[in-house]
Amino acid sequence: MRLRDVHLVRGGSARSPALLGAALASAALGVCLWLPWLRTGGTRRSAYGLLTALRAAGLLSSGARRAFFAALAVAPGLTGAAWVLAFARRRRLSGLATAAVGTITAAAGAAVRHYSVRGAQSGTVWAEVVGVVTLAMGVALTGWRAPPGRKGTRDDRRR
């Protein structure tokens with residue numbers, strides 16, 4: 001099977017592999033959530049294990065902890081949405097979902113590494129790196145470009 005035969009790639013165009021890459025990167029973030037994020041005593045916890053432990057200990061009372069819980073609860077849904085939108089060939093919407101899940105996961109990994117100085121594991125680093133790459137791929141898929149300079153601005157006068 002050739003790459004252009006895959007449903008996500010239309011006619012073998014150069015832009016379509018980016019759609020497939022963004023969908024795969026968002027799936028890689030799902031894997032990063034199951035890697036060990038924190039070591040507490042002799043137990044290694046994934047992002048979801050960390051949430052379960054925080055909830056069981058009654059520590060999900062503050063707004064920041066609730067936001068962490070909500071963000072990681074939404075991440076798998078956004079990953080699924082990115083895939084569905086990619087198969088439906090909705091580039092920009094898939095890019096937005098991909099960028100959102102990348103931002104959420106990178107921020108959650110950075111927060112865990114910041115607040116747990118000694119217990120942070122490699123899963124947080126992987127979540128940050130893959131999250132930033134996924135964010136960049138999502139932004140590239142949306143087709144966002146910096147707005148051009150307004151007429152009469154300093155840049156136009158130099159020309």
# chains A, B, ... in the order shown; residues from 1 in each chain; ligands from 1
$ select_by_dssp --residues "range 43-130 of chain A" --states "helix (DSSP H, G or I)" --output "PyMOL selection string"
chain A and resi 47-56+63-87+91-115+122-130
$ residues_around --residues "Gly21 in chain A" --least-positions-apart "6" --cutoff "10 Å" --atoms "only C-alpha atoms" --output "ChimeraX atom specification"
/A:8,27,134,137-138
$ closest_residue --among "A:Pro36, A:Ala88, A:Thr105, A:Pro17" --to "Ala75 in chain A" --atoms "only C-alpha atoms"
A:Thr105
$ closest_residue --among "A:Val112, A:Ala23, A:Ala67, A:Leu141" --to "Ala86 in chain A" --atoms "only C-alpha atoms"
A:Ala23
$ closest_residue --among "A:Ala100, A:Ala111, A:Gly95, A:Ala120" --to "Leu19 in chain A" --atoms "only C-alpha atoms"
A:Gly95
$ residues_around --residues "Ala73 in chain A" --least-positions-apart "6" --cutoff "12 Å" --atoms "only C-alpha atoms" --output "PyMOL selection string"
chain A and resi 30+33+47-48+51-52+66-67+79+101+104-105+108
$ closest_residue --among "A:Val31, A:Leu50, A:Val74, A:Ala140" --to "Ala99 in chain A" --atoms "only C-alpha atoms"
A:Ala140
$ select_by_dssp --residues "range 1-87 of chain A" --states "strand (DSSP E or B)" --output "PDB file with C-alpha atoms, in the first residue's frame"
ATOM      1  CA  LEU A  38       5.664  10.808  38.986  1.00  0.00           C
ATOM      2  CA  ARG A  39       7.317   8.555  41.540  1.00  0.00           C
ATOM      3  CA  THR A  40       5.804   8.611  45.015  1.00  0.00           C
ATOM      4  CA  THR A  43       5.064   3.678  43.100  1.00  0.00           C
ATOM      5  CA  ARG A  44       5.362   5.121  39.615  1.00  0.00           C
ATOM      6  CA  ARG A  45       2.240   6.897  38.459  1.00  0.00           C
TER       7      ARG A  45
END
$ decode --residues "range 11-94 of chain A" --atoms "C-alpha atoms" --output "compact mmCIF listing (two decimals), in the first residue's frame"
# COMPACT_ATOMS: atom_id res chain seq x y z
CA GLY A 11 -3.91 12.57 -4.51
CA GLY A 12 -0.45 12.42 -2.96
CA SER A 13 -0.30 16.18 -2.39
CA ALA A 14 2.52 17.57 -0.27
CA ARG A 15 0.18 19.06 2.33
CA SER A 16 -1.79 15.93 3.13
CA PRO A 17 0.99 14.04 4.95
CA ALA A 18 0.95 16.88 7.48
CA LEU A 19 -2.63 15.92 8.30
CA LEU A 20 -1.62 12.31 8.86
CA GLY A 21 1.41 13.41 10.88
CA ALA A 22 -0.66 15.64 13.13
CA ALA A 23 -3.15 12.85 13.76
CA LEU A 24 -0.32 10.46 14.62
CA ALA A 25 1.32 13.03 16.89
CA SER A 26 -1.91 13.52 18.80
CA ALA A 27 -2.12 9.75 19.25
CA ALA A 28 1.48 9.77 20.54
CA LEU A 29 0.35 12.24 23.19
CA GLY A 30 -2.22 9.70 24.30
CA VAL A 31 0.62 7.25 24.84
CA CYS A 32 2.60 9.88 26.76
CA LEU A 33 -0.24 10.15 29.27
CA TRP A 34 0.27 6.49 30.22
CA LEU A 35 4.06 6.77 30.70
CA PRO A 36 5.35 7.20 34.27
CA TRP A 37 4.98 10.85 35.28
CA LEU A 38 5.66 10.81 38.99
CA ARG A 39 7.32 8.55 41.54
CA THR A 40 5.80 8.61 45.01
CA GLY A 41 7.64 6.28 47.34
CA GLY A 42 7.98 3.00 45.46
CA THR A 43 5.06 3.68 43.10
CA ARG A 44 5.36 5.12 39.62
CA ARG A 45 2.24 6.90 38.46
CA SER A 46 1.07 7.86 35.00
CA ALA A 47 -0.87 11.08 34.47
CA TYR A 48 -4.09 9.21 35.10
CA GLY A 49 -2.64 7.41 38.13
CA LEU A 50 -1.63 10.80 39.48
CA LEU A 51 -5.16 12.10 39.03
CA THR A 52 -6.58 9.04 40.77
CA ALA A 53 -4.20 9.50 43.71
CA LEU A 54 -5.01 13.21 44.00
CA ARG A 55 -8.71 12.50 43.91
CA ALA A 56 -8.46 9.69 46.50
CA ALA A 57 -6.44 11.91 48.83
CA GLY A 58 -9.02 14.70 48.53
CA LEU A 59 -6.51 17.11 47.00
CA LEU A 60 -8.56 18.11 43.97
CA SER A 61 -10.22 20.96 45.80
CA SER A 62 -8.38 23.98 44.40
CA GLY A 63 -9.13 25.53 41.04
CA ALA A 64 -5.71 24.68 39.58
CA ARG A 65 -6.02 21.02 40.49
CA ARG A 66 -9.52 20.87 39.06
CA ALA A 67 -8.27 22.47 35.85
CA PHE A 68 -5.49 19.84 35.68
CA PHE A 69 -8.08 17.11 36.13
CA ALA A 70 -10.41 18.58 33.51
CA ALA A 71 -7.59 19.11 31.00
CA LEU A 72 -6.34 15.55 31.21
CA ALA A 73 -9.90 14.23 31.10
CA VAL A 74 -10.53 16.16 27.87
CA ALA A 75 -7.23 15.19 26.17
CA PRO A 76 -8.35 11.73 24.90
CA GLY A 77 -11.54 13.23 23.51
CA LEU A 78 -9.57 15.90 21.67
CA THR A 79 -7.26 13.22 20.30
CA GLY A 80 -10.27 11.30 19.00
CA ALA A 81 -11.73 14.49 17.56
CA ALA A 82 -8.47 15.21 15.74
CA TRP A 83 -8.59 11.75 14.16
CA VAL A 84 -12.26 11.99 13.17
CA LEU A 85 -11.76 15.44 11.70
CA ALA A 86 -8.67 14.25 9.84
CA PHE A 87 -10.63 11.39 8.28
CA ALA A 88 -13.37 13.85 7.37
CA ARG A 89 -10.65 16.00 5.73
CA ARG A 90 -11.39 19.02 7.89
CA ARG A 91 -7.86 20.35 8.02
CA ARG A 92 -8.35 23.45 10.10
CA LEU A 93 -10.62 21.86 12.67
CA SER A 94 -8.29 18.89 12.96
